[in-house]
file target_8.csv (CSV, C-alpha atoms)
chain,number,residue,atom,x,y,z
E,723,THR,CA,10.0,-109.8,-23.1
E,724,ARG,CA,10.1,-113.5,-22.5
E,725,ASN,CA,8.1,-115.0,-19.7
E,726,TYR,CA,9.2,-118.2,-18.0
E,727,TYR,CA,7.1,-120.3,-15.6
E,728,PHE,CA,8.7,-121.3,-12.4
E,729,SER,CA,8.1,-124.8,-11.1
E,730,PRO,CA,6.6,-124.7,-7.6
E,731,LYS,CA,8.7,-127.6,-6.3
E,732,LYS,CA,12.0,-126.5,-7.7
E,733,LYS,CA,14.2,-123.4,-7.0
E,734,ILE,CA,15.4,-123.4,-10.6
E,735,PRO,CA,13.2,-121.8,-13.2
E,736,SER,CA,11.7,-124.1,-15.9
E,737,LEU,CA,13.2,-123.5,-19.3
E,738,THR,CA,9.8,-123.7,-20.9
E,739,TYR,CA,9.1,-120.5,-22.9
E,740,VAL,CA,5.5,-119.4,-22.8
E,741,ASP,CA,4.4,-116.6,-25.1
E,742,LYS,CA,1.3,-114.4,-24.6
E,743,SER,CA,-1.0,-116.3,-26.9
E,744,THR,CA,-0.2,-119.6,-25.1
E,745,ARG,CA,-1.0,-118.0,-21.8
E,746,GLU,CA,-4.3,-116.7,-23.1
E,747,LEU,CA,-5.1,-120.2,-24.4
E,748,ASP,CA,-4.3,-121.6,-21.0
E,749,LEU,CA,-6.6,-119.1,-19.3
E,750,GLU,CA,-9.4,-120.0,-21.7
E,751,GLN,CA,-8.9,-123.7,-21.1
E,752,GLN,CA,-8.9,-123.1,-17.4
E,753,ARG,CA,-12.2,-121.2,-17.5
E,754,GLU,CA,-13.7,-124.0,-19.6
E,755,MET,CA,-12.4,-126.7,-17.3
E,756,GLY,CA,-13.7,-124.7,-14.3
E,757,PHE,CA,-17.2,-124.6,-15.8
E,758,PHE,CA,-17.3,-128.3,-16.6
E,759,SER,CA,-15.8,-129.1,-13.2
E,760,PHE,CA,-18.6,-127.1,-11.5
E,761,LEU,CA,-21.3,-128.7,-13.8
E,762,GLY,CA,-20.0,-132.2,-12.9
E,763,ARG,CA,-20.1,-131.4,-9.2
E,764,VAL,CA,-23.6,-130.1,-9.5
E,765,LEU,CA,-24.8,-133.2,-11.4
E,766,PHE,CA,-23.0,-135.6,-9.0
E,767,ALA,CA,-24.2,-133.9,-5.8
E,768,SER,CA,-27.8,-133.6,-7.1
E,769,LEU,CA,-28.2,-137.3,-6.4
E,770,PHE,CA,-27.5,-136.7,-2.8
E,771,ILE,CA,-29.2,-133.3,-2.4
E,772,LEU,CA,-32.5,-134.4,-4.0
E,773,SER,CA,-32.5,-137.6,-2.0
E,774,ALA,CA,-31.9,-135.7,1.2
E,775,TRP,CA,-34.7,-133.2,0.3
E,776,GLN,CA,-37.1,-136.1,-0.4
E,777,MET,CA,-36.2,-137.8,2.9
E,778,PHE,CA,-36.6,-134.5,4.7
E,779,ASN,CA,-40.1,-133.8,3.2
E,780,ASP,CA,-41.2,-137.4,4.1
E,781,PHE,CA,-39.7,-137.3,7.6
E,782,GLY,CA,-42.8,-136.7,9.6
E,783,VAL,CA,-43.2,-137.8,13.3
E,784,ASP,CA,-41.7,-141.3,12.9
E,785,GLY,CA,-38.9,-140.7,10.4
E,786,GLY,CA,-41.0,-141.5,7.3
E,787,PRO,CA,-40.7,-144.3,4.9
E,788,ALA,CA,-36.9,-144.2,5.2
E,789,ALA,CA,-37.1,-145.1,8.9
E,790,THR,CA,-39.6,-147.9,8.1
E,791,GLU,CA,-37.2,-149.4,5.6
E,792,LEU,CA,-34.1,-148.8,7.7
E,793,ALA,CA,-35.3,-150.2,11.0
E,794,PRO,CA,-35.1,-153.9,10.3
E,795,LYS,CA,-31.8,-153.5,8.5
E,796,LEU,CA,-30.3,-151.5,11.3
E,797,HIS,CA,-31.5,-154.0,13.8
E,798,LEU,CA,-30.0,-156.8,11.8
E,799,ALA,CA,-26.7,-155.0,11.4
E,800,LYS,CA,-26.6,-154.2,15.1
E,801,SER,CA,-27.3,-157.8,16.1
E,802,HIS,CA,-24.6,-159.0,13.7
E,803,LEU,CA,-22.0,-156.6,15.0
E,804,SER,CA,-22.9,-157.5,18.6
E,805,SER,CA,-22.4,-161.2,18.0
E,806,ARG,CA,-19.1,-160.6,16.1
E,807,LEU,CA,-17.7,-158.2,18.7
E,808,GLY,CA,-19.1,-160.0,21.7
E,809,VAL,CA,-20.5,-156.9,23.3
E,810,THR,CA,-23.9,-155.4,23.5
E,811,LEU,CA,-24.2,-152.3,21.4
E,812,PRO,CA,-26.4,-149.4,22.7
E,813,SER,CA,-29.9,-149.0,21.2
E,814,VAL,CA,-30.1,-146.5,18.4
E,815,GLU,CA,-33.2,-144.5,17.6
E,816,VAL,CA,-34.0,-145.0,13.9
E,817,LYS,CA,-35.4,-141.5,13.5
E,818,GLN,CA,-32.1,-140.0,14.6
E,819,VAL,CA,-30.2,-142.2,12.1
E,820,VAL,CA,-32.5,-141.0,9.3
E,821,ALA,CA,-31.9,-137.4,10.5
E,822,ALA,CA,-28.1,-138.0,10.4
E,823,ILE,CA,-28.4,-139.4,6.9
E,824,VAL,CA,-30.4,-136.4,5.7
E,825,ALA,CA,-27.8,-134.1,7.2
E,826,LEU,CA,-24.8,-136.0,5.7
E,827,LYS,CA,-26.4,-136.0,2.3
E,828,GLY,CA,-27.7,-132.5,2.3
E,829,VAL,CA,-24.8,-130.7,3.8
E,830,GLY,CA,-22.2,-132.9,2.1
E,831,GLY,CA,-23.9,-132.4,-1.3
E,832,LEU,CA,-24.1,-128.6,-0.9
E,833,LEU,CA,-20.4,-128.3,0.2
E,834,PHE,CA,-19.4,-130.6,-2.6
E,835,VAL,CA,-21.1,-128.4,-5.2
E,836,ILE,CA,-19.0,-125.4,-4.1
E,837,GLY,CA,-15.9,-127.5,-4.3
E,838,ASN,CA,-15.3,-127.9,-0.6
E,839,ILE,CA,-13.4,-131.1,0.2
E,840,PHE,CA,-15.2,-131.5,3.6
E,841,GLY,CA,-18.4,-132.1,1.6
E,842,ALA,CA,-16.6,-135.0,-0.2
E,843,TYR,CA,-15.5,-136.4,3.1
E,844,LEU,CA,-19.1,-136.2,4.5
E,845,LEU,CA,-20.5,-138.0,1.4
E,846,ALA,CA,-17.8,-140.6,1.5
E,847,PHE,CA,-18.5,-141.2,5.2
E,848,TYR,CA,-22.2,-141.6,4.4
E,849,LEU,CA,-21.5,-144.1,1.6
E,850,ALA,CA,-18.9,-146.1,3.6
E,851,VAL,CA,-21.1,-146.4,6.7
E,852,PHE,CA,-24.6,-146.7,5.4
E,853,SER,CA,-24.3,-148.6,2.1
E,854,PRO,CA,-23.5,-151.9,3.7
E,855,ILE,CA,-26.5,-151.5,6.0
E,856,LEU,CA,-29.0,-150.2,3.3
E,857,TYR,CA,-28.0,-152.6,0.5
E,858,ASP,CA,-27.6,-155.8,2.5
E,859,PHE,CA,-27.4,-158.2,-0.5
E,860,TYR,CA,-25.1,-160.5,1.6
E,861,ASN,CA,-28.2,-161.5,3.7
E,862,TYR,CA,-29.8,-163.1,0.7
E,863,GLY,CA,-28.9,-165.9,-1.6
E,864,PRO,CA,-28.2,-165.3,-5.3
E,865,GLU,CA,-31.5,-167.0,-6.3
E,866,GLU,CA,-33.7,-164.8,-4.1
E,867,ARG,CA,-35.4,-161.8,-5.7
E,868,HIS,CA,-33.9,-159.2,-3.3
E,869,PHE,CA,-30.3,-160.2,-4.1
E,870,SER,CA,-29.8,-158.6,-7.5
E,871,PRO,CA,-31.3,-155.2,-7.0
E,872,LEU,CA,-29.5,-154.8,-3.6
E,873,LEU,CA,-26.2,-155.9,-5.2
E,874,THR,CA,-26.7,-153.4,-8.0
E,875,GLU,CA,-27.4,-150.5,-5.6
E,876,PHE,CA,-24.4,-151.5,-3.5
E,877,LEU,CA,-22.1,-151.5,-6.5
E,878,GLN,CA,-23.4,-148.1,-7.5
E,879,SER,CA,-22.6,-146.8,-4.1
E,880,VAL,CA,-19.1,-148.3,-4.4
E,881,ALA,CA,-18.7,-146.5,-7.7
E,882,LEU,CA,-19.8,-143.2,-6.2
E,883,PHE,CA,-17.4,-143.8,-3.3
E,884,GLY,CA,-14.6,-144.3,-5.8
E,885,ALA,CA,-15.5,-141.1,-7.6
E,886,LEU,CA,-15.4,-139.2,-4.3
E,887,LEU,CA,-12.0,-140.7,-3.5
E,888,PHE,CA,-10.8,-139.5,-6.9
E,889,PHE,CA,-12.1,-136.0,-6.2
E,890,ILE,CA,-10.4,-136.0,-2.8
E,891,GLY,CA,-7.1,-137.2,-4.3
E,892,MET,CA,-7.3,-134.6,-7.1
E,893,LYS,CA,-8.1,-131.9,-4.6
E,894,ASN,CA,-5.2,-132.8,-2.4
E,895,SER,CA,-2.7,-133.1,-5.2
E,896,THR,CA,-3.6,-129.9,-7.1
E,897,PRO,CA,-1.3,-127.0,-6.1
E,898,THR,CA,-3.1,-123.9,-4.8
E,899,LYS,CA,-2.2,-120.3,-5.6
E,900,ARG,CA,-0.7,-120.1,-2.1
E,901,ASN,CA,1.7,-122.9,-3.0
E,902,LEU,CA,2.6,-121.3,-6.3
E,903,LYS,CA,4.0,-118.1,-4.9
E,904,ARG,CA,7.5,-117.4,-6.0
E,905,THR,CA,10.2,-117.3,-3.4
E,906,PRO,CA,11.8,-113.9,-3.1
E,907,LYS,CA,15.3,-113.7,-4.6
E,908,PRO,CA,18.1,-113.1,-2.1
E,909,LYS,CA,19.3,-109.5,-2.2
E,910,ALA,CA,22.9,-109.0,-3.2
E,911,ALA,CA,25.1,-107.5,-0.5
call {"tool": "encode", "arguments": {"input": "target_8.csv", "output": "structure tokens"}}
result
Amino acid sequence: TRNYYFSPKKKIPSLTYVDKSTRELDLEQQREMGFFSFLGRVLFASLFILSAWQMFNDFGVDGGPAATELAPKLHLAKSHLSSRLGVTLPSVEVKQVVAAIVALKGVGGLLFVIGNIFGAYLLAFYLAVFSPILYDFYNYGPEERHFSPLLTEFLQSVALFGALLFFIGMKNSTPTKRNLKRTPKPKAA
């Protein structure tokens, strides 16, 4: 018997003939692609998960070294936004910001590993909000020693953000099994 694939967007069957050996090859390729997709997600998310784990272990009573490094940058960003917006922003506890960063990285990374799109959104939110604060190269001149490493870290964050946008776009454009169900044929009267 001949097997024809139906296009999910069209009501008319596709005229592409698919024999049994081609279907088996497609299944093998899908298994391989699934493994490499999972491996890529694990490697990508390990950056965020390991960083969150280290921040969690170093957290302590005062928020750890992350809070010490973040405090002046957060104060500078707050004063800059206050002057630009013309309003006084409420004070933010640096320890709570570090806890939020640990949660975003940890939960987002774990959800990303299992292929959940919400994890990608959490990681993208973290990168979009905290990268400009953490890697404030714009506060230094090109000749200062802090400029180059901060710019490099910021550009790496932009690249990671782009990879997350790619993942989100692919996840949203890939049809799911629910979308591929065939529509029942109308019964003849």
call {"tool": "atom_distance", "arguments": {"input": "target_8.csv", "atom1": "CA of Leu849 in chain E", "atom2": "CA of Phe876 in chain E"}}
result
9.4 Å
call {"tool": "atom_distance", "arguments": {"input": "target_8.csv", "atom1": "CA of Ile855 in chain E", "atom2": "CA of Gly831 in chain E"}}
result
20.6 Å
call {"tool": "atom_distance", "arguments": {"input": "target_8.csv", "atom1": "CA of Leu796 in chain E", "atom2": "CA of Trp775 in chain E"}}
result
21.8 Å
call {"tool": "closest_residue", "arguments": {"input": "target_8.csv", "among": "E:Met755, E:Leu844, E:Val819, E:Leu856", "to": "Lys795 in chain E", "atoms": "all atoms listed in the file"}}
result
E:Leu856
call {"tool": "closest_residue", "arguments": {"input": "target_8.csv", "among": "E:Gly837, E:Phe766, E:Tyr857, E:Leu761", "to": "Glu791 in chain E", "atoms": "only C-alpha atoms"}}
result
E:Tyr857
call {"tool": "closest_residue", "arguments": {"input": "target_8.csv", "among": "E:Lys800, E:Arg753, E:Lys909, E:His868", "to": "Pro812 in chain E", "atoms": "all atoms listed in the file"}}
result
E:Lys800
call {"tool": "residues_around", "arguments": {"input": "target_8.csv", "residues": "Ala788 in chain E", "least_positions_apart": "4", "cutoff": "8 Å", "atoms": "all atoms listed in the file", "output": "list in words"}}
result
Met777, Phe781, Leu792 and Val820 of chain E
call {"tool": "residues_around", "arguments": {"input": "target_8.csv", "residues": "range 822-828 of chain E", "least_positions_apart": "2", "cutoff": "10 Å", "atoms": "all atoms listed in the file", "output": "ChimeraX atom specification"}}
result
/E:767-778,781,788,816-820,830-834,841,843-849,852
call {"tool": "residues_near_point", "arguments": {"input": "target_8.csv", "point": "(-15.7, -144.9, -3.7)", "cutoff": "12 Å", "atoms": "only C-alpha atoms", "output": "PyMOL selection string"}}
result
chain E and resi 842-843+845-851+853+876-891
call {"tool": "residues_around", "arguments": {"input": "target_8.csv", "residues": "Glu815 in chain E", "least_positions_apart": "6", "cutoff": "10 Å", "atoms": "all atoms listed in the file", "output": "list in words"}}
result
Gly785, Ala789, Ala793 and Leu796 of chain E
